[in-house]
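Trainee: Quick one: structure below, then a few questions.
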Amino acid sequence: MTRDTPPPGKRPAAVYLAARGFERELADELEMRQPGCVTERRERLFVSSAPPIPAAWAQNIWLEPFFLPIASVGDAARQLRGIQRNWHCHPVDLYRRTALIAEHLPPVKARPLVFGENVPVSPLGAWTLWERDLLLLSARCSSPFPDGEVRFEEDRFNPPSRAYLKLWEAFTLLGERPAPGELCLDLGASPGGWSWVLGTLGAHVFAVDKAPLAPGVMNMRGVDWCRGSSFSLSPDMTGTVDWLFSDMACYPGRLLDLVRLWHEHGAARRFLCTLKFQGETDHASARAFAAFPGSRLLHLSCNRHELTWFFNPTSC
Ligand SMILES: C[S@@+](CC[C@H](N)C(=O)[O-])C[C@H]1O[C@@H](n2cnc3c(N)ncnc32)[C@H](O)[C@@H]1O
């Protein structure tokens, strides 16, 4: 049996794995963008009949999914191995039988990344046992990490908050980061996890917050802090910056106005911002961010009820 012979009428076009705890956000996002596309759902897995889209609330997207009948546990493992070596299993049912199949597959190293390492290049497929004798699988996925979750060797001593992991992950996934000497505006910087990352990269950081940075970050070479509200800062006060970062606690709509102002003035070469939602998810603002041509809107592994938006205006 190959991917050319799925059970009639059962070939999905995409499968989305919702970010943990954000199943409703993903369901709403898919319904808004491709109404009626979700044909089945099991736990965090959403099966879609429409072509894959870069859904922000998906942690991973199975890009070429198909159903594969199996005759036995051994047969399932044999067929998966025949397609490629590396597979990650996302069980949603039939846990015992799923585990038996997984035991027959080659182990996949899941070592945490050291920041600075590139994303793995070898493809990692995803599969699940959908029915007793039926796998749902995809050799190609949007993320090379198991279930799209990136883990790092953490630094538990130097950064003053765990927010530094967001930048580590974003820079790793995007393959871009500030170069030494680049000017970075860090809005909503306290206590300084992001400024710490930028400082360690050798960037020149201009941090803005009503609250101070932790002393260890405040004393870093290249890091300057200014007390105040980011909304009272205007592009003509700073000149063009290489990167505008924002991890500010504020409504996404307000952040959007700020970003538009800086974008219209051509005052930032790149943007990397966290959209933080309070209460109901503001899908309209999220779509407005995603509408910037060539931008990316992602749910990072360490994001909570928030999305990370990256935009490089010079590349579009
Ligand atoms: C989640 S914390 C940022 C954490 C930080 N990125 C880090 O890595 O440690 C959010 C910050 O936004 C700041 N903030 C909220 N409104 C702000 C505003 N209008 N201007 C500047 N900072 C603001 C808060 O004071 C708070 O320190």
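A note on labels: chains of the structure tokens are A, B, ... as shown, every chain counts residues from 1, and ligands are counted from 1 in their shown order.
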Counting only C-alpha atoms and all ligand atoms, which protein, DNA or RNA residues come within 10 Å of ligand 1, given as a PyMOL selection string?

Mentor: chain A and resi 159-167+186-197+207-214+217+226-233+245-251+254-255+273-274+276

Trainee: So that I can check the surroundings of Pro112 in chain A, please list as a ChimeraX atom specification every protein, DNA and RNA residue that reaches within 7 Å of it, counting only C-alpha atoms and ignoring chain neighbours fewer than 2 positions away.

Mentor: /A:110,114,151-153

Trainee: If we count only C-alpha atoms, what is near Leu174 in chain A at a cut-off of 10 Å, once residues fewer than 2 positions away on the same chain are taken out, given as a ChimeraX atom specification?

Mentor: /A:119,169-172,176-177,296,310

Trainee: Output the selection as a PDB file, in the first residue's frame - N, CA, C and O atoms for each residue.

Mentor:
ATOM      1  N   VAL A 119      18.495  24.629  12.759  1.00  0.00           N
ATOM      2  CA  VAL A 119      17.408  23.650  12.863  1.00  0.00           C
ATOM      3  C   VAL A 119      17.847  22.357  12.172  1.00  0.00           C
ATOM      4  O   VAL A 119      18.629  22.397  11.219  1.00  0.00           O
ATOM      5  N   GLU A 169      14.211  30.970  20.347  1.00  0.00           N
ATOM      6  CA  GLU A 169      13.434  30.136  19.421  1.00  0.00           C
ATOM      7  C   GLU A 169      13.153  30.894  18.116  1.00  0.00           C
ATOM      8  O   GLU A 169      13.298  30.337  17.023  1.00  0.00           O
ATOM      9  N   ALA A 170      12.741  32.163  18.244  1.00  0.00           N
ATOM     10  CA  ALA A 170      12.412  32.937  17.037  1.00  0.00           C
ATOM     11  C   ALA A 170      13.645  33.048  16.130  1.00  0.00           C
ATOM     12  O   ALA A 170      13.560  32.791  14.926  1.00  0.00           O
ATOM     13  N   PHE A 171      14.795  33.383  16.700  1.00  0.00           N
ATOM     14  CA  PHE A 171      15.999  33.540  15.869  1.00  0.00           C
ATOM     15  C   PHE A 171      16.377  32.195  15.216  1.00  0.00           C
ATOM     16  O   PHE A 171      16.838  32.157  14.082  1.00  0.00           O
ATOM     17  N   THR A 172      16.182  31.107  15.952  1.00  0.00           N
ATOM     18  CA  THR A 172      16.526  29.788  15.413  1.00  0.00           C
ATOM     19  C   THR A 172      15.598  29.437  14.249  1.00  0.00           C
ATOM     20  O   THR A 172      16.049  28.995  13.188  1.00  0.00           O
ATOM     21  N   GLU A 176      17.514  34.232  11.336  1.00  0.00           N
ATOM     22  CA  GLU A 176      17.989  35.628  11.327  1.00  0.00           C
ATOM     23  C   GLU A 176      18.107  36.109  12.751  1.00  0.00           C
ATOM     24  O   GLU A 176      17.300  35.713  13.613  1.00  0.00           O
ATOM     25  N   ARG A 177      19.061  36.973  12.978  1.00  0.00           N
ATOM     26  CA  ARG A 177      19.238  37.549  14.314  1.00  0.00           C
ATOM     27  C   ARG A 177      20.050  38.838  14.170  1.00  0.00           C
ATOM     28  O   ARG A 177      20.723  39.019  13.138  1.00  0.00           O
ATOM     29  N   ARG A 296       5.640  36.843   9.146  1.00  0.00           N
ATOM     30  CA  ARG A 296       5.311  35.516   9.693  1.00  0.00           C
ATOM     31  C   ARG A 296       4.699  35.664  11.068  1.00  0.00           C
ATOM     32  O   ARG A 296       5.169  36.479  11.877  1.00  0.00           O
ATOM     33  N   PHE A 310       6.963  38.374  12.987  1.00  0.00           N
ATOM     34  CA  PHE A 310       8.259  38.808  12.459  1.00  0.00           C
ATOM     35  C   PHE A 310       8.050  39.430  11.088  1.00  0.00           C
ATOM     36  O   PHE A 310       7.320  38.878  10.261  1.00  0.00           O
TER      37      PHE A 310
END

Trainee: Quick one: everything within 8 Å of Ala268 in chain A, counting only C-alpha atoms, minus sequence neighbours fewer than 5 positions away in the same chain. Send it as a compact mmCIF listing (two decimals) with C-alpha atoms, in the first residue's frame.

Mentor:
# COMPACT_ATOMS: atom_id res chain seq x y z
CA THR A 240 16.07 54.31 11.85
CA VAL A 241 16.69 51.22 13.94
CA ASP A 242 17.84 47.85 12.64
CA TRP A 243 15.34 45.92 14.75
CA LEU A 244 12.23 46.93 16.63
CA TRP A 262 7.19 52.94 12.55
CA HIS A 263 6.62 51.06 9.30

Trainee: List the neighbours of Ser295 in chain A out to 7 Å using only C-alpha atoms; skip same-chain residues closer than 3 positions along the sequence, and give me the result as a PyMOL selection string.

Mentor: chain A and resi 290+292+310-312

Trainee: Sort by chain and increasing residue number a table of all residues of range 133-168 of chain A within 10 Å of range 86-92 of chain A, each with its closest pair of atoms and their distance in Å to one decimal, counting only C-alpha atoms, and write it as a Markdown table.

Mentor:
| residue | atom | partner | partner_atom | distance |
| --- | --- | --- | --- | --- |
| A:Leu137 | CA | A:Cys89 | CA | 9.1 |
| A:Ser138 | CA | A:Trp87 | CA | 9.2 |
| A:Ala139 | CA | A:Trp87 | CA | 7.8 |
| A:Phe145 | CA | A:His88 | CA | 8.8 |
| A:Pro146 | CA | A:His88 | CA | 5.9 |
| A:Asp147 | CA | A:His90 | CA | 7.4 |

Trainee: Go ahead and compute the interatomic distance for CA of Asp93 in chain A and CA of Ala56 in chain A, in Å to one decimal.

Mentor: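 Going from CA of Asp93 in chain A over to CA of Ala56 in chain A, I get 25.5 Å.
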
Trainee: Could you pull out the residues in range 86-315 of chain A that DSSP calls strand (DSSP E or B) from the backbone, as a PyMOL selection string?

Mentor: chain A and resi 87-89+113+115+117+125-131+134-138+141+152+183-187+204-209+223-227+241-246+268-276+296-298+306-311

Trainee: Could you write those residues out with C-alpha atoms, as a PDB file, in the first residue's frame?

Mentor:
ATOM      1  CA  TRP A  87       9.105   9.636  12.552  1.00  0.00           C
ATOM      2  CA  HIS A  88       7.458  11.246  15.530  1.00  0.00           C
ATOM      3  CA  CYS A  89       4.300   9.716  16.883  1.00  0.00           C
ATOM      4  CA  LEU A 113      19.327  22.532  21.078  1.00  0.00           C
ATOM      5  CA  PHE A 115      21.345  28.266  21.089  1.00  0.00           C
ATOM      6  CA  GLU A 117      22.717  25.586  16.395  1.00  0.00           C
ATOM      7  CA  GLY A 125       7.514  12.812   9.670  1.00  0.00           C
ATOM      8  CA  ALA A 126       4.505  12.591  11.942  1.00  0.00           C
ATOM      9  CA  TRP A 127       2.011   9.778  12.389  1.00  0.00           C
ATOM     10  CA  THR A 128      -0.789   8.573  14.571  1.00  0.00           C
ATOM     11  CA  LEU A 129      -2.869   5.422  14.797  1.00  0.00           C
ATOM     12  CA  TRP A 130      -6.267   6.696  13.681  1.00  0.00           C
ATOM     13  CA  GLU A 131      -8.099   3.390  13.778  1.00  0.00           C
ATOM     14  CA  LEU A 134      -5.299   2.609   9.887  1.00  0.00           C
ATOM     15  CA  LEU A 135      -2.442   5.081  10.245  1.00  0.00           C
ATOM     16  CA  LEU A 136      -2.707   8.792   9.535  1.00  0.00           C
ATOM     17  CA  LEU A 137       0.714  10.128   8.584  1.00  0.00           C
ATOM     18  CA  SER A 138       2.701  12.754   6.759  1.00  0.00           C
ATOM     19  CA  CYS A 141       5.660  18.661   8.191  1.00  0.00           C
ATOM     20  CA  PHE A 152      16.895  24.409  24.399  1.00  0.00           C
ATOM     21  CA  LEU A 183      20.704  49.010  16.825  1.00  0.00           C
ATOM     22  CA  CYS A 184      17.816  47.246  18.569  1.00  0.00           C
ATOM     23  CA  LEU A 185      14.874  48.938  20.209  1.00  0.00           C
ATOM     24  CA  ASP A 186      13.471  46.700  22.957  1.00  0.00           C
ATOM     25  CA  LEU A 187      10.015  47.968  23.938  1.00  0.00           C
ATOM     26  CA  HIS A 204      23.433  47.912  20.714  1.00  0.00           C
ATOM     27  CA  VAL A 205      20.214  47.808  22.742  1.00  0.00           C
ATOM     28  CA  PHE A 206      17.978  50.717  23.560  1.00  0.00           C
ATOM     29  CA  ALA A 207      15.533  49.306  26.126  1.00  0.00           C
ATOM     30  CA  VAL A 208      12.323  51.113  27.089  1.00  0.00           C
ATOM     31  CA  ASP A 209      10.081  50.274  30.020  1.00  0.00           C
ATOM     32  CA  VAL A 223      22.601  48.006  26.748  1.00  0.00           C
ATOM     33  CA  ASP A 224      20.931  51.332  27.607  1.00  0.00           C
ATOM     34  CA  TRP A 225      17.632  51.666  29.392  1.00  0.00           C
ATOM     35  CA  CYS A 226      15.176  54.540  29.323  1.00  0.00           C
ATOM     36  CA  ARG A 227      12.247  54.816  31.730  1.00  0.00           C
ATOM     37  CA  VAL A 241      16.693  51.222  13.942  1.00  0.00           C
ATOM     38  CA  ASP A 242      17.835  47.851  12.644  1.00  0.00           C
ATOM     39  CA  TRP A 243      15.342  45.919  14.747  1.00  0.00           C
ATOM     40  CA  LEU A 244      12.225  46.930  16.629  1.00  0.00           C
ATOM     41  CA  PHE A 245      11.363  44.398  19.324  1.00  0.00           C
ATOM     42  CA  SER A 246       8.259  44.508  21.478  1.00  0.00           C
ATOM     43  CA  ALA A 268      12.709  49.914  11.447  1.00  0.00           C
ATOM     44  CA  ARG A 269      14.455  47.403   9.184  1.00  0.00           C
ATOM     45  CA  ARG A 270      12.946  44.447  10.993  1.00  0.00           C
ATOM     46  CA  PHE A 271      10.171  43.908  13.534  1.00  0.00           C
ATOM     47  CA  LEU A 272       9.801  41.096  16.047  1.00  0.00           C
ATOM     48  CA  CYS A 273       6.828  41.526  18.366  1.00  0.00           C
ATOM     49  CA  THR A 274       4.756  39.497  20.763  1.00  0.00           C
ATOM     50  CA  LEU A 275       1.002  39.889  20.372  1.00  0.00           C
ATOM     51  CA  LYS A 276      -0.392  39.311  23.851  1.00  0.00           C
ATOM     52  CA  ARG A 296       5.311  35.516   9.693  1.00  0.00           C
ATOM     53  CA  LEU A 297       2.974  34.931  12.597  1.00  0.00           C
ATOM     54  CA  LEU A 298       3.889  32.014  14.832  1.00  0.00           C
ATOM     55  CA  GLU A 306       0.273  35.098  22.537  1.00  0.00           C
ATOM     56  CA  LEU A 307       1.729  34.996  19.044  1.00  0.00           C
ATOM     57  CA  THR A 308       5.068  36.154  17.706  1.00  0.00           C
ATOM     58  CA  TRP A 309       5.157  38.322  14.590  1.00  0.00           C
ATOM     59  CA  PHE A 310       8.259  38.808  12.459  1.00  0.00           C
ATOM     60  CA  PHE A 311       8.517  41.249   9.583  1.00  0.00           C
TER      61      PHE A 311
END

Trainee: Looking at A:Arg260, A:Pro235, A:Arg42, A:Asp155, which one is nearest to Ala288 in chain A, with distances taken over only C-alpha atoms?

Mentor: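 Looking at the shortest contact to Ala288 in chain A, the residue is A:Arg260.
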
Trainee: Kindly indicate which residue among A:Leu30, A:Leu17, A:Ala50, A:Val108 lies nearest to Ser122 in chain A, using only C-alpha atoms for the distances.

Mentor: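 Distance minimum relative to Ser122 in chain A lands on A:Val108.
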
Trainee: Applying 8 Å and only C-alpha atoms, which residues near Tyr16 in chain A remain after dropping the ones on its own chain fewer than 4 positions away? List them as a list of chain:residue names.

Mentor: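 In the requested form, the answer reads A:Arg44, A:Leu45, A:Phe46, A:Val47, A:Ser48, A:Ala58, A:Gln59, A:Asn60, A:Ile61, A:Trp62.
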
Trainee: Take CA of Gly202 in chain A and CA of Trp168 in chain A and report the distance between them in Å, one decimal.

Mentor: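 Atom-to-atom, CA of Gly202 in chain A to CA of Trp168 in chain A, that is 14.6 Å.
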
Trainee: So which bits of range 12-184 of chain A end up alpha helix (DSSP H) when you DSSP the backbone, as an NGL selection string?

Mentor: :A and (23-33 or 73-83 or 95-103 or 164-174)
